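Engineer: Contents of start-v1.tsv (TSV, C-alpha atoms and all ligand atoms):
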chain	number	residue	atom	x	y	z
A	4	MET	CA	-17.47	-8.31	-39.17
A	5	HIS	CA	-14.12	-9.89	-38.29
A	6	SER	CA	-14.02	-12.49	-41.05
A	7	LEU	CA	-10.59	-12.75	-42.65
A	8	PRO	CA	-11.70	-11.14	-45.94
A	9	ALA	CA	-13.29	-8.25	-44.00
A	10	LEU	CA	-10.03	-7.67	-42.12
A	11	PHE	CA	-8.39	-6.92	-45.47
A	12	ARG	CA	-11.15	-4.83	-47.14
A	13	LEU	CA	-11.06	-1.04	-47.47
A	14	ASP	CA	-14.54	-0.31	-48.81
A	15	GLY	CA	-15.60	3.27	-48.11
A	16	LYS	CA	-12.05	4.33	-47.16
A	17	ILE	CA	-10.26	7.27	-48.75
A	18	ALA	CA	-6.55	6.72	-49.41
A	19	LEU	CA	-3.93	9.24	-50.48
A	20	VAL	CA	-0.74	7.88	-52.08
A	21	THR	CA	2.03	10.39	-52.71
A	22	GLY	CA	4.18	9.75	-55.78
A	23	GLY	CA	1.58	7.15	-56.75
A	24	ALA	CA	1.90	7.54	-60.52
A	25	ARG	CA	4.60	4.92	-61.06
A	26	ASN	CA	6.53	1.94	-59.71
A	27	LEU	CA	6.10	1.18	-55.99
A	28	GLY	CA	3.67	4.07	-55.41
A	29	TYR	CA	1.45	2.88	-58.25
A	30	ASP	CA	1.60	-0.71	-56.99
A	31	MET	CA	0.45	0.37	-53.54
A	32	ALA	CA	-2.33	2.59	-54.95
A	33	ASP	CA	-3.36	-0.39	-57.08
A	34	ALA	CA	-3.55	-2.69	-54.03
A	35	LEU	CA	-5.61	-0.19	-52.02
A	36	ALA	CA	-7.98	0.40	-54.94
A	37	GLU	CA	-8.42	-3.34	-55.46
A	38	ALA	CA	-9.31	-3.69	-51.76
A	39	GLY	CA	-12.12	-1.14	-52.25
A	40	ALA	CA	-10.59	2.23	-51.30
A	41	ALA	CA	-11.19	5.43	-53.25
A	42	VAL	CA	-7.66	6.52	-54.11
A	43	ILE	CA	-6.04	9.93	-54.51
A	44	VAL	CA	-2.82	9.77	-56.49
A	45	THR	CA	-0.33	12.63	-56.34
A	46	SER	CA	2.59	13.30	-58.64
A	47	ARG	CA	4.85	16.26	-59.34
A	48	THR	CA	3.27	16.29	-62.80
A	49	LEU	CA	-0.52	16.50	-62.90
A	50	ALA	CA	-0.70	14.62	-66.22
A	51	SER	CA	1.14	11.62	-64.70
A	52	ALA	CA	-1.17	11.59	-61.68
A	53	GLN	CA	-4.19	11.79	-64.00
A	54	LYS	CA	-2.94	8.91	-66.14
A	55	ALA	CA	-2.42	6.71	-63.07
A	56	ALA	CA	-5.79	7.67	-61.56
A	57	GLU	CA	-7.51	6.83	-64.84
A	58	SER	CA	-5.75	3.49	-65.11
A	59	LEU	CA	-6.80	2.55	-61.54
A	60	ARG	CA	-10.37	3.62	-62.23
A	61	GLU	CA	-10.55	1.45	-65.35
A	62	LYS	CA	-8.99	-1.52	-63.59
A	63	HIS	CA	-10.99	-1.51	-60.35
A	64	HIS	CA	-14.09	0.55	-61.19
A	65	GLY	CA	-13.63	2.61	-58.03
A	66	GLU	CA	-13.33	6.37	-57.58
A	67	THR	CA	-9.96	8.07	-58.03
A	68	LEU	CA	-8.60	11.60	-57.96
A	69	ALA	CA	-5.36	13.10	-59.29
A	70	ILE	CA	-3.53	15.94	-57.55
A	71	GLU	CA	-0.24	17.68	-58.37
A	72	LEU	CA	2.24	17.76	-55.51
A	73	ASP	CA	5.90	18.54	-55.02
A	74	GLN	CA	6.24	17.86	-51.31
A	75	ARG	CA	9.45	19.78	-50.63
A	76	GLU	CA	7.52	22.94	-49.69
A	77	HIS	CA	5.11	22.87	-46.77
A	78	SER	CA	2.74	25.34	-48.44
A	79	ARG	CA	2.33	23.03	-51.45
A	80	VAL	CA	1.58	20.08	-49.20
A	81	ALA	CA	-1.02	22.12	-47.31
A	82	ALA	CA	-2.66	23.13	-50.61
A	83	ALA	CA	-2.67	19.55	-51.96
A	84	VAL	CA	-4.16	18.18	-48.74
A	85	ALA	CA	-6.82	20.91	-48.79
A	86	ALA	CA	-7.64	19.91	-52.39
A	87	ALA	CA	-7.87	16.26	-51.32
A	88	MET	CA	-10.27	17.20	-48.51
A	89	THR	CA	-12.64	18.97	-50.91
A	90	TRP	CA	-13.17	15.59	-52.64
A	91	LYS	CA	-14.68	13.42	-49.87
A	92	GLY	CA	-14.13	15.48	-46.74
A	93	ARG	CA	-11.86	12.89	-45.11
A	94	ILE	CA	-8.63	10.94	-45.52
A	95	ASP	CA	-8.42	7.49	-43.92
A	96	ILE	CA	-5.12	6.24	-45.28
A	97	LEU	CA	-1.94	8.15	-46.14
A	98	VAL	CA	0.88	6.34	-47.93
A	99	ASN	CA	3.95	8.56	-47.82
A	100	ASN	CA	5.69	7.01	-50.79
A	101	ALA	CA	7.14	9.98	-52.69
A	102	GLY	CA	10.91	10.18	-52.62
A	103	GLY	CA	13.77	8.12	-53.97
A	104	GLY	CA	17.48	7.62	-53.64
A	105	SER	CA	19.27	7.60	-56.92
A	106	GLY	CA	19.39	10.52	-59.26
A	107	GLN	CA	21.63	11.97	-61.91
A	108	THR	CA	23.81	13.78	-59.37
A	109	PRO	CA	27.16	12.42	-58.01
A	110	ALA	CA	26.42	10.14	-55.06
A	111	LEU	CA	29.77	9.93	-53.25
A	112	LEU	CA	29.77	12.22	-50.22
A	113	PHE	CA	32.95	14.14	-51.02
A	114	GLN	CA	31.82	14.87	-54.58
A	115	ARG	CA	28.30	15.72	-53.65
A	116	ASP	CA	26.88	19.20	-54.12
A	117	PRO	CA	25.45	20.44	-50.78
A	118	ALA	CA	22.41	21.68	-52.71
A	119	ASP	CA	21.68	18.07	-53.78
A	120	VAL	CA	21.95	16.98	-50.14
A	121	VAL	CA	19.38	19.59	-49.13
A	122	ASP	CA	17.10	18.53	-51.98
A	123	MET	CA	17.36	14.86	-50.98
A	124	VAL	CA	16.45	15.58	-47.37
A	125	GLN	CA	13.63	17.90	-48.42
A	126	SER	CA	12.11	15.29	-50.73
A	127	ASN	CA	12.61	12.21	-48.57
A	128	LEU	CA	12.30	13.48	-45.00
A	129	LEU	CA	10.81	16.97	-44.75
A	130	GLY	CA	8.18	16.19	-47.40
A	131	VAL	CA	7.08	13.15	-45.41
A	132	LEU	CA	6.98	15.23	-42.25
A	133	HIS	CA	4.89	17.93	-43.98
A	134	CYS	CA	2.40	15.28	-45.18
A	135	CYS	CA	2.26	13.70	-41.71
A	136	GLN	CA	1.60	17.11	-40.18
A	137	GLU	CA	-1.20	18.11	-42.56
A	138	VAL	CA	-2.92	14.73	-42.94
A	139	GLY	CA	-2.20	13.73	-39.33
A	140	ARG	CA	-4.07	16.83	-38.17
A	141	ILE	CA	-7.12	15.76	-40.18
A	142	MET	CA	-6.95	12.17	-38.98
A	143	ALA	CA	-6.62	13.29	-35.36
A	144	LYS	CA	-9.80	15.33	-35.80
A	145	GLN	CA	-11.54	12.32	-37.38
A	146	GLY	CA	-10.35	10.15	-34.48
A	147	SER	CA	-9.07	7.54	-36.95
A	148	GLY	CA	-6.56	6.99	-39.71
A	149	LYS	CA	-3.59	4.99	-40.88
A	150	ILE	CA	-0.31	6.58	-41.93
A	151	ILE	CA	2.20	4.38	-43.75
A	152	ASN	CA	5.62	5.89	-44.34
A	153	ILE	CA	7.84	4.31	-46.99
A	154	ALA	CA	11.38	4.22	-45.62
A	155	SER	CA	14.14	1.87	-46.84
A	156	VAL	CA	16.72	-0.67	-45.73
A	157	ALA	CA	19.08	2.25	-46.36
A	158	GLY	CA	17.75	3.70	-43.10
A	159	LEU	CA	18.66	0.50	-41.24
A	160	VAL	CA	22.01	-0.76	-42.50
A	161	GLY	CA	25.08	0.62	-44.21
A	162	ARG	CA	25.73	-0.11	-47.85
A	163	ASP	CA	28.37	-2.31	-49.45
A	164	ARG	CA	29.42	0.08	-52.20
A	165	ARG	CA	31.63	-2.49	-53.91
A	166	ILE	CA	28.71	-3.96	-55.87
A	167	TYR	CA	27.85	-0.49	-57.19
A	168	GLU	CA	31.45	0.21	-58.21
A	169	LYS	CA	31.81	-3.23	-59.79
A	170	ASN	CA	28.73	-2.60	-61.93
A	171	ASP	CA	29.73	0.96	-62.82
A	172	MET	CA	26.90	2.57	-60.84
A	173	LYS	CA	26.84	5.76	-58.82
A	174	GLY	CA	25.29	4.15	-55.74
A	175	GLN	CA	23.21	5.72	-53.03
A	176	PRO	CA	24.09	8.96	-51.30
A	177	ILE	CA	24.66	9.02	-47.54
A	178	ASP	CA	21.98	11.71	-47.27
A	179	TYR	CA	19.40	9.21	-48.59
A	180	ALA	CA	20.24	6.88	-45.68
A	181	ALA	CA	20.00	9.83	-43.28
A	182	ALA	CA	16.59	10.86	-44.62
A	183	LYS	CA	15.19	7.31	-44.51
A	184	ALA	CA	16.52	6.72	-40.97
A	185	GLY	CA	14.72	9.95	-40.10
A	186	VAL	CA	11.49	8.56	-41.54
A	187	ILE	CA	11.80	5.45	-39.35
A	188	GLY	CA	12.43	7.63	-36.29
A	189	LEU	CA	9.56	10.00	-36.96
A	190	THR	CA	7.25	7.03	-37.53
A	191	ARG	CA	7.86	5.74	-34.01
A	192	ASP	CA	7.49	9.08	-32.28
A	193	LEU	CA	4.45	10.13	-34.32
A	194	ALA	CA	2.82	6.80	-33.48
A	195	GLY	CA	3.25	7.66	-29.81
A	196	LEU	CA	1.74	11.09	-30.31
A	197	LEU	CA	-1.22	9.97	-32.41
A	198	SER	CA	-2.14	6.61	-30.84
A	199	PRO	CA	-4.35	8.17	-28.16
A	200	LEU	CA	-6.16	10.01	-30.98
A	201	GLY	CA	-6.96	6.81	-32.88
A	202	VAL	CA	-4.35	7.24	-35.60
A	203	HIS	CA	-1.92	4.43	-36.48
A	204	VAL	CA	1.52	5.23	-37.87
A	205	ASN	CA	3.80	2.57	-39.33
A	206	ALA	CA	6.64	2.36	-41.83
A	207	ILE	CA	7.57	-0.07	-44.56
A	208	SER	CA	11.26	-0.47	-45.42
A	209	PRO	CA	11.67	-2.05	-48.83
A	210	GLY	CA	14.93	-3.56	-49.98
A	211	GLY	CA	16.13	-3.03	-53.55
A	212	PHE	CA	13.56	-3.69	-56.28
A	213	ALA	CA	14.67	-4.97	-59.67
A	214	ARG	CA	14.13	-2.54	-62.53
A	215	GLY	CA	14.91	-2.64	-66.21
A	216	ASN	CA	17.33	0.27	-65.83
A	217	LEU	CA	19.59	-1.65	-63.41
A	218	PRO	CA	22.62	-3.51	-64.82
A	219	GLU	CA	22.07	-7.28	-64.92
A	220	GLY	CA	25.27	-7.80	-62.91
A	221	PHE	CA	23.97	-5.59	-60.12
A	222	VAL	CA	20.62	-7.43	-59.93
A	223	CYS	CA	22.58	-10.68	-59.71
A	224	ASP	CA	25.06	-9.40	-57.07
A	225	TYR	CA	22.26	-7.88	-54.98
A	226	GLY	CA	20.32	-11.15	-55.13
A	227	GLU	CA	23.38	-13.04	-53.90
A	228	ARG	CA	23.56	-10.75	-50.86
A	229	THR	CA	19.87	-11.38	-50.09
A	230	PRO	CA	18.81	-14.43	-48.06
A	231	LEU	CA	15.80	-15.02	-50.34
A	232	GLY	CA	18.14	-14.86	-53.32
A	233	ARG	CA	16.64	-12.04	-55.38
A	234	MET	CA	15.63	-8.38	-55.52
A	235	GLY	CA	12.02	-7.27	-54.95
A	236	ARG	CA	9.51	-7.52	-57.80
A	237	ASP	CA	7.45	-4.55	-58.91
A	238	GLY	CA	3.73	-5.28	-59.09
A	239	VAL	CA	3.87	-7.93	-56.36
A	240	ASP	CA	6.17	-7.70	-53.39
A	241	LEU	CA	4.97	-4.53	-51.65
A	242	LYS	CA	1.22	-4.97	-52.10
A	243	GLY	CA	0.57	-7.31	-49.17
A	244	ALA	CA	2.53	-5.17	-46.71
A	245	VAL	CA	0.73	-1.94	-47.56
A	246	LEU	CA	-2.69	-3.60	-47.55
A	247	PHE	CA	-2.00	-5.14	-44.13
A	248	LEU	CA	-0.96	-1.79	-42.63
A	249	ALA	CA	-3.89	0.07	-44.24
A	250	ALA	CA	-6.59	-2.45	-43.33
A	251	PRO	CA	-8.35	-3.45	-40.09
A	252	ALA	CA	-6.03	-6.51	-39.98
A	253	SER	CA	-3.37	-4.23	-38.42
A	254	ASP	CA	-5.60	-2.45	-35.90
A	255	TYR	CA	-3.32	-3.50	-33.02
A	256	VAL	CA	-0.10	-2.52	-34.80
A	257	THR	CA	1.48	0.91	-34.53
A	258	GLY	CA	4.96	2.47	-34.47
A	259	GLN	CA	6.46	-0.47	-36.39
A	260	ASN	CA	8.79	-0.70	-39.36
A	261	LEU	CA	7.83	-3.63	-41.58
A	262	VAL	CA	10.96	-4.62	-43.49
A	263	VAL	CA	10.20	-6.05	-46.95
A	264	ASP	CA	13.69	-6.88	-48.20
A	265	GLY	CA	13.97	-10.63	-48.73
A	266	GLY	CA	16.10	-10.67	-45.57
A	267	PHE	CA	18.75	-8.28	-46.99
A	268	SER	CA	19.13	-6.41	-43.70
A	269	ILE	CA	19.68	-9.52	-41.53
A	270	TRP	CA	22.87	-10.56	-43.33
A	271	ARG	CA	25.92	-8.58	-42.45
B	301	LIG	N1	12.99	1.09	-55.68
B	301	LIG	C1	13.60	0.60	-54.63
B	301	LIG	O1	14.40	-0.33	-54.75
B	301	LIG	C2	13.32	1.18	-53.26
B	301	LIG	C3	13.92	0.57	-52.16
B	301	LIG	C4	13.67	1.09	-50.90
B	301	LIG	C5	12.85	2.18	-50.74
B	301	LIG	N2	12.29	2.75	-51.84
B	301	LIG	C6	11.41	3.91	-51.61
B	301	LIG	O2	10.13	3.62	-52.13
B	301	LIG	C7	9.53	4.81	-52.63
B	301	LIG	C8	9.15	4.62	-54.09
B	301	LIG	O3	10.28	4.20	-54.79
B	301	LIG	P1	10.27	3.92	-56.35
B	301	LIG	O4	11.41	3.03	-56.63
B	301	LIG	O5	8.91	3.56	-56.79
B	301	LIG	O6	10.70	5.38	-56.84
B	301	LIG	P2	10.36	6.19	-58.16
B	301	LIG	O7	11.46	7.15	-58.34
B	301	LIG	O8	10.01	5.30	-59.28
B	301	LIG	O9	9.04	6.96	-57.70
B	301	LIG	C9	9.09	7.89	-56.67
B	301	LIG	C10	7.96	8.82	-56.81
B	301	LIG	O10	8.14	9.90	-55.89
B	301	LIG	C11	7.98	11.12	-56.58
B	301	LIG	N3	8.76	12.18	-55.95
B	301	LIG	C12	10.10	12.26	-55.82
B	301	LIG	N4	10.44	13.41	-55.20
B	301	LIG	C13	9.28	14.07	-54.95
B	301	LIG	C14	8.95	15.31	-54.35
B	301	LIG	N5	9.88	16.15	-53.91
B	301	LIG	N6	7.65	15.65	-54.25
B	301	LIG	C15	6.69	14.83	-54.69
B	301	LIG	N7	6.92	13.66	-55.30
B	301	LIG	C16	8.21	13.29	-55.42
B	301	LIG	C17	8.44	10.83	-58.00
B	301	LIG	O11	7.94	11.77	-58.91
B	301	LIG	C18	7.88	9.43	-58.22
B	301	LIG	O12	6.54	9.47	-58.63
B	301	LIG	C19	10.55	5.93	-52.42
B	301	LIG	O13	10.28	6.60	-51.21
B	301	LIG	C20	11.87	5.17	-52.33
B	301	LIG	O14	12.83	5.89	-51.60
B	301	LIG	C21	12.51	2.29	-53.09
I'd like the structure from this file rewritten - as structure tokens, please.
Structural biologist:
Amino acid sequence: MHSLPALFRLDGKIALVTGGARNLGYDMADALAEAGAAVIVTSRTLASAQKAAESLREKHHGETLAIELDQREHSRVAAAVAAAMTWKGRIDILVNNAGGGSGQTPALLFQRDPADVVDMVQSNLLGVLHCCQEVGRIMAKQGSGKIINIASVAGLVGRDRRIYEKNDMKGQPIDYAAAKAGVIGLTRDLAGLLSPLGVHVNAISPGGFARGNLPEGFVCDYGERTPLGRMGRDGVDLKGAVLFLAAPASDYVTGQNLVVDGGFSIWR
């Protein structure tokens, strides 16, 4: 029962991963599916969610479901969660991954359109809160569940904007940091609220992950500012953290923020 492999298995569990169609969301859905969970993938575009769900099904031979979700509106979240519940009648794991910091809009505060600020906070903070409310309600009724909120080092430390300027990049808006700090705060307080009901709530704060669209100079500069000497790797570096927080291995862990940043946030 408590063998090490069993502590990291998710057989029979139902997991919902928001924004799970690509990049970190897909990696985490992939890890949960490999550990035996049936996985619901949401995306703002149904076709993307379907493609990801199909790819996970082929890879792991488990059950998957695709649902369309833009989490900015509470009513859409409620509808998506209701659709998820019609599948298996329960949700054991929620990974609140949907969101993101960089877009096409100007990032510097004084040039930023207030409408973009509202959109950022809606996507990255209110959307997470809506999902916590709707899925948390279900988990509380079940008397069990694990909520994992994806925050960021941006919610923990300020940013050295010189490496963005040097590499001709827009950088990250202040409102992204505000939203992610909000996610870390709500994680702690929600953990307090839901612990007596058997529901665990934790956050993961990734550091920067290397992507093909990032200038080489930036990847290099970011790595130099990171104790472990590099940016995060897609397909690898977030999988262990999410599996730990989703699995029985973390049954005595709640209200925590697991920082997966190669040490970025410890160097000032
Ligand atoms: N990539 C990084 O370096 C990094 C670092 C720290 C934290 N994060 C966080 O990790 C998570 C995933 O990041 P990623 O790099 O894979 O991002 P990504 O942009 O590749 O994917 C984010 C996903 O969220 C979805 N999404 C965005 N806004 C949404 C909304 N309003 N409603 C529903 N879905 C929405 C997108 O469609 C996409 O599928 C995000 O929360 C991001 O803030 C990323």
Engineer: So which one's closest to ligand LIG 301 (chain B), A:Asp237, A:Asp192, A:Asp119, A:Glu37? Using all atoms listed in the file, please.
Structural biologist: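 The shortest atom-to-atom distance to ligand LIG 301 (chain B) comes from A:Asp237.
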Engineer: Could you list, with a cut-off of 10 Å and counting only C-alpha atoms, the residues of stretch 93-199 of chain A near stretch 238-256 of chain A, each shown with its nearest atom pair and the distance in Å rounded to one decimal, rows sorted by chain and ascending number, as a Markdown table?
Structural biologist:
| residue | atom | partner | partner_atom | distance |
| --- | --- | --- | --- | --- |
| A:Asp95 | CA | A:Ala249 | CA | 8.7 |
| A:Ile96 | CA | A:Ala249 | CA | 6.4 |
| A:Leu97 | CA | A:Ala249 | CA | 8.5 |
| A:Val98 | CA | A:Val245 | CA | 8.3 |
| A:Gly148 | CA | A:Ala249 | CA | 8.7 |
| A:Lys149 | CA | A:Ala249 | CA | 6.0 |
| A:Ile150 | CA | A:Ala249 | CA | 7.8 |
| A:Ile151 | CA | A:Leu248 | CA | 7.0 |
| A:Asn152 | CA | A:Val245 | CA | 9.8 |
| A:Ile153 | CA | A:Val245 | CA | 9.5 |
| A:Ala194 | CA | A:Val256 | CA | 9.9 |
Engineer: Sorted by chain and rising residue number, which residues of chain A lie within 8 Å of ligand LIG 301 (chain B), and what are their closest atom pairs and distances in Å to one decimal, counting all atoms listed in the file, as a tab-separated table?
Structural biologist:
residue	atom	partner	partner_atom	distance
A:Thr21	CA	B:LIG301	N7	6.4
A:Gly22	CA	B:LIG301	O12	3.7
A:Gly23	CA	B:LIG301	O12	5.8
A:Ala24	CA	B:LIG301	O12	5.4
A:Arg25	CA	B:LIG301	O12	5.5
A:Asn26	CA	B:LIG301	O5	4.1
A:Leu27	CA	B:LIG301	O5	3.8
A:Gly28	CA	B:LIG301	O5	5.4
A:Tyr29	CA	B:LIG301	O5	7.6
A:Thr45	CA	B:LIG301	N7	7.4
A:Ser46	CA	B:LIG301	N7	5.5
A:Arg47	CA	B:LIG301	C15	5.2
A:Thr48	CA	B:LIG301	O11	7.6
A:Leu72	CA	B:LIG301	C15	5.4
A:Asp73	CA	B:LIG301	N6	3.5
A:Gln74	CA	B:LIG301	N6	3.9
A:Arg75	CA	B:LIG301	N5	4.9
A:Asn99	CA	B:LIG301	O13	7.4
A:Asn100	CA	B:LIG301	O13	4.6
A:Ala101	CA	B:LIG301	O10	3.4
A:Gly102	CA	B:LIG301	O13	3.9
A:Gly103	CA	B:LIG301	O14	3.4
A:Gly104	CA	B:LIG301	O14	5.4
A:Ser105	CA	B:LIG301	O7	8.0
A:Asp122	CA	B:LIG301	N5	7.8
A:Gln125	CA	B:LIG301	N5	6.9
A:Ser126	CA	B:LIG301	N5	4.0
A:Asn127	CA	B:LIG301	O13	6.6
A:Gly130	CA	B:LIG301	N5	6.7
A:Ile153	CA	B:LIG301	O13	5.4
A:Ala154	CA	B:LIG301	C5	5.7
A:Ser155	CA	B:LIG301	C5	4.1
A:Val156	CA	B:LIG301	C4	6.3
A:Ala157	CA	B:LIG301	C4	7.2
A:Tyr179	CA	B:LIG301	O14	8.0
A:Lys183	CA	B:LIG301	O14	7.6
A:Ser208	CA	B:LIG301	C5	6.2
A:Pro209	CA	B:LIG301	C4	4.3
A:Gly210	CA	B:LIG301	C3	4.8
A:Gly211	CA	B:LIG301	O1	3.4
A:Phe212	CA	B:LIG301	O1	3.8
A:Ala213	CA	B:LIG301	O1	6.8
A:Arg214	CA	B:LIG301	N1	7.8
A:Gly235	CA	B:LIG301	O1	7.3
Engineer: Taking (-9.3, 11.7, -56.8) in the file's coordinates as the center, which residues reach within 8 Å of it, counting all atoms listed in the file, put as a list of chain:residue names?
Structural biologist: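 Residues with an atom at most 8 Å from (-9.3, 11.7, -56.8): A:Ala41, A:Val42, A:Ile43, A:Val44, A:Ala56, A:Glu66, A:Thr67, A:Leu68, A:Ala69, A:Ile70, A:Ala87, A:Trp90.
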Engineer: If you count only C-alpha atoms, which residues fall within 9 Å of A:Ala110, apart from same-chain ones fewer than 5 positions away, as a PyMOL selection string?
Structural biologist: chain A and resi 105+115+173-177
Engineer: Go ahead and compute the interatomic distance for atom CA of A:Val262 and atom CA of A:Leu112, in Å to one decimal.
Structural biologist: 26.1 Å
Engineer: Expressed in Å to a single decimal, how great is the separation between atom CA of A:Gly161 and atom CA of A:Asp178?
Structural biologist: 11.9 Å
Engineer: Which residues are close to A:Glu219, i.e. within 12 Å by all atoms listed in the file, leaving aside same-chain residues fewer than 6 positions away? Reply as a ChimeraX atom specification.
Structural biologist: /A:166-167,169-172,213,225-226,233-234
Engineer: For A:Ala40, find every residue with an atom within 7 Å (counting all atoms listed in the file), except residues of its own chain fewer than 3 positions away, and show them as a JSON list (two decimals) with C-alpha atoms, keeping the file's coordinate frame.
Structural biologist:
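Contents of selection.json, freshly written:
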[["chain", "number", "residue", "atom", "x", "y", "z"],
["A", 13, "LEU", "CA", -11.06, -1.04, -47.47],
["A", 14, "ASP", "CA", -14.54, -0.31, -48.81],
["A", 15, "GLY", "CA", -15.60, 3.27, -48.11],
["A", 16, "LYS", "CA", -12.05, 4.33, -47.16],
["A", 17, "ILE", "CA", -10.26, 7.27, -48.75],
["A", 18, "ALA", "CA", -6.55, 6.72, -49.41],
["A", 35, "LEU", "CA", -5.61, -0.19, -52.02],
["A", 36, "ALA", "CA", -7.98, 0.40, -54.94]]
Engineer: Counting only C-alpha atoms, find the residues whose atoms lie at most 8 Å from (18.9, -12.4, -49.6) (file coordinates) and write them out as number ranges by chain.
Structural biologist: A: 225-234, 264-267, 270
Engineer: To one decimal place, how far is atom CA of A:Leu197 from atom CA of A:Asn260 in Å?
Structural biologist: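 For atom CA of A:Leu197 relative to atom CA of A:Asn260, the distance reads 16.2 Å.
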Engineer: List as a ChimeraX atom specification the protein and nucleic acid residues near A:Gly195, meaning an atom at most 8 Å away when only C-alpha atoms are counted, but skip any in the same chain fewer than 4 places from it.
Structural biologist: /A:191,199,258
Engineer: Counting all atoms listed in the file, which of A:Leu159, A:Met142, A:Cys223, A:Ala32 gets nearest to A:Ser198?
Structural biologist: A:Met142
Engineer: Using all atoms of stretch 117-129 of chain A listed in the file and a margin of 6 Å per side, can you give the axis-aligned box centre and edge lengths in Å to one decimal, as lines of an AutoDock Vina configuration file?
Structural biologist:
center_x = 18.1
center_y = 16.9
center_z = -49.3
size_x = 26.6
size_y = 21.5
size_z = 21.0
Engineer: Could you tell me which of A:His5, A:Lys144, A:Arg164, A:His203 comes closest to A:Phe221 if we count all atoms listed in the file?
Structural biologist: A:Arg164
Engineer: Tell me which of A:Gly39, A:Glu76, A:Ala83, A:Leu10 sits closest to A:Lys62, counting all atoms listed in the file.
Structural biologist: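 Of all the options, A:Gly39 lies closest to A:Lys62.
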Engineer: Which one is closest to A:Ala181: A:Val124, A:Val80, A:Ile141, A:Leu59? Count only C-alpha atoms.
Structural biologist: A:Val124
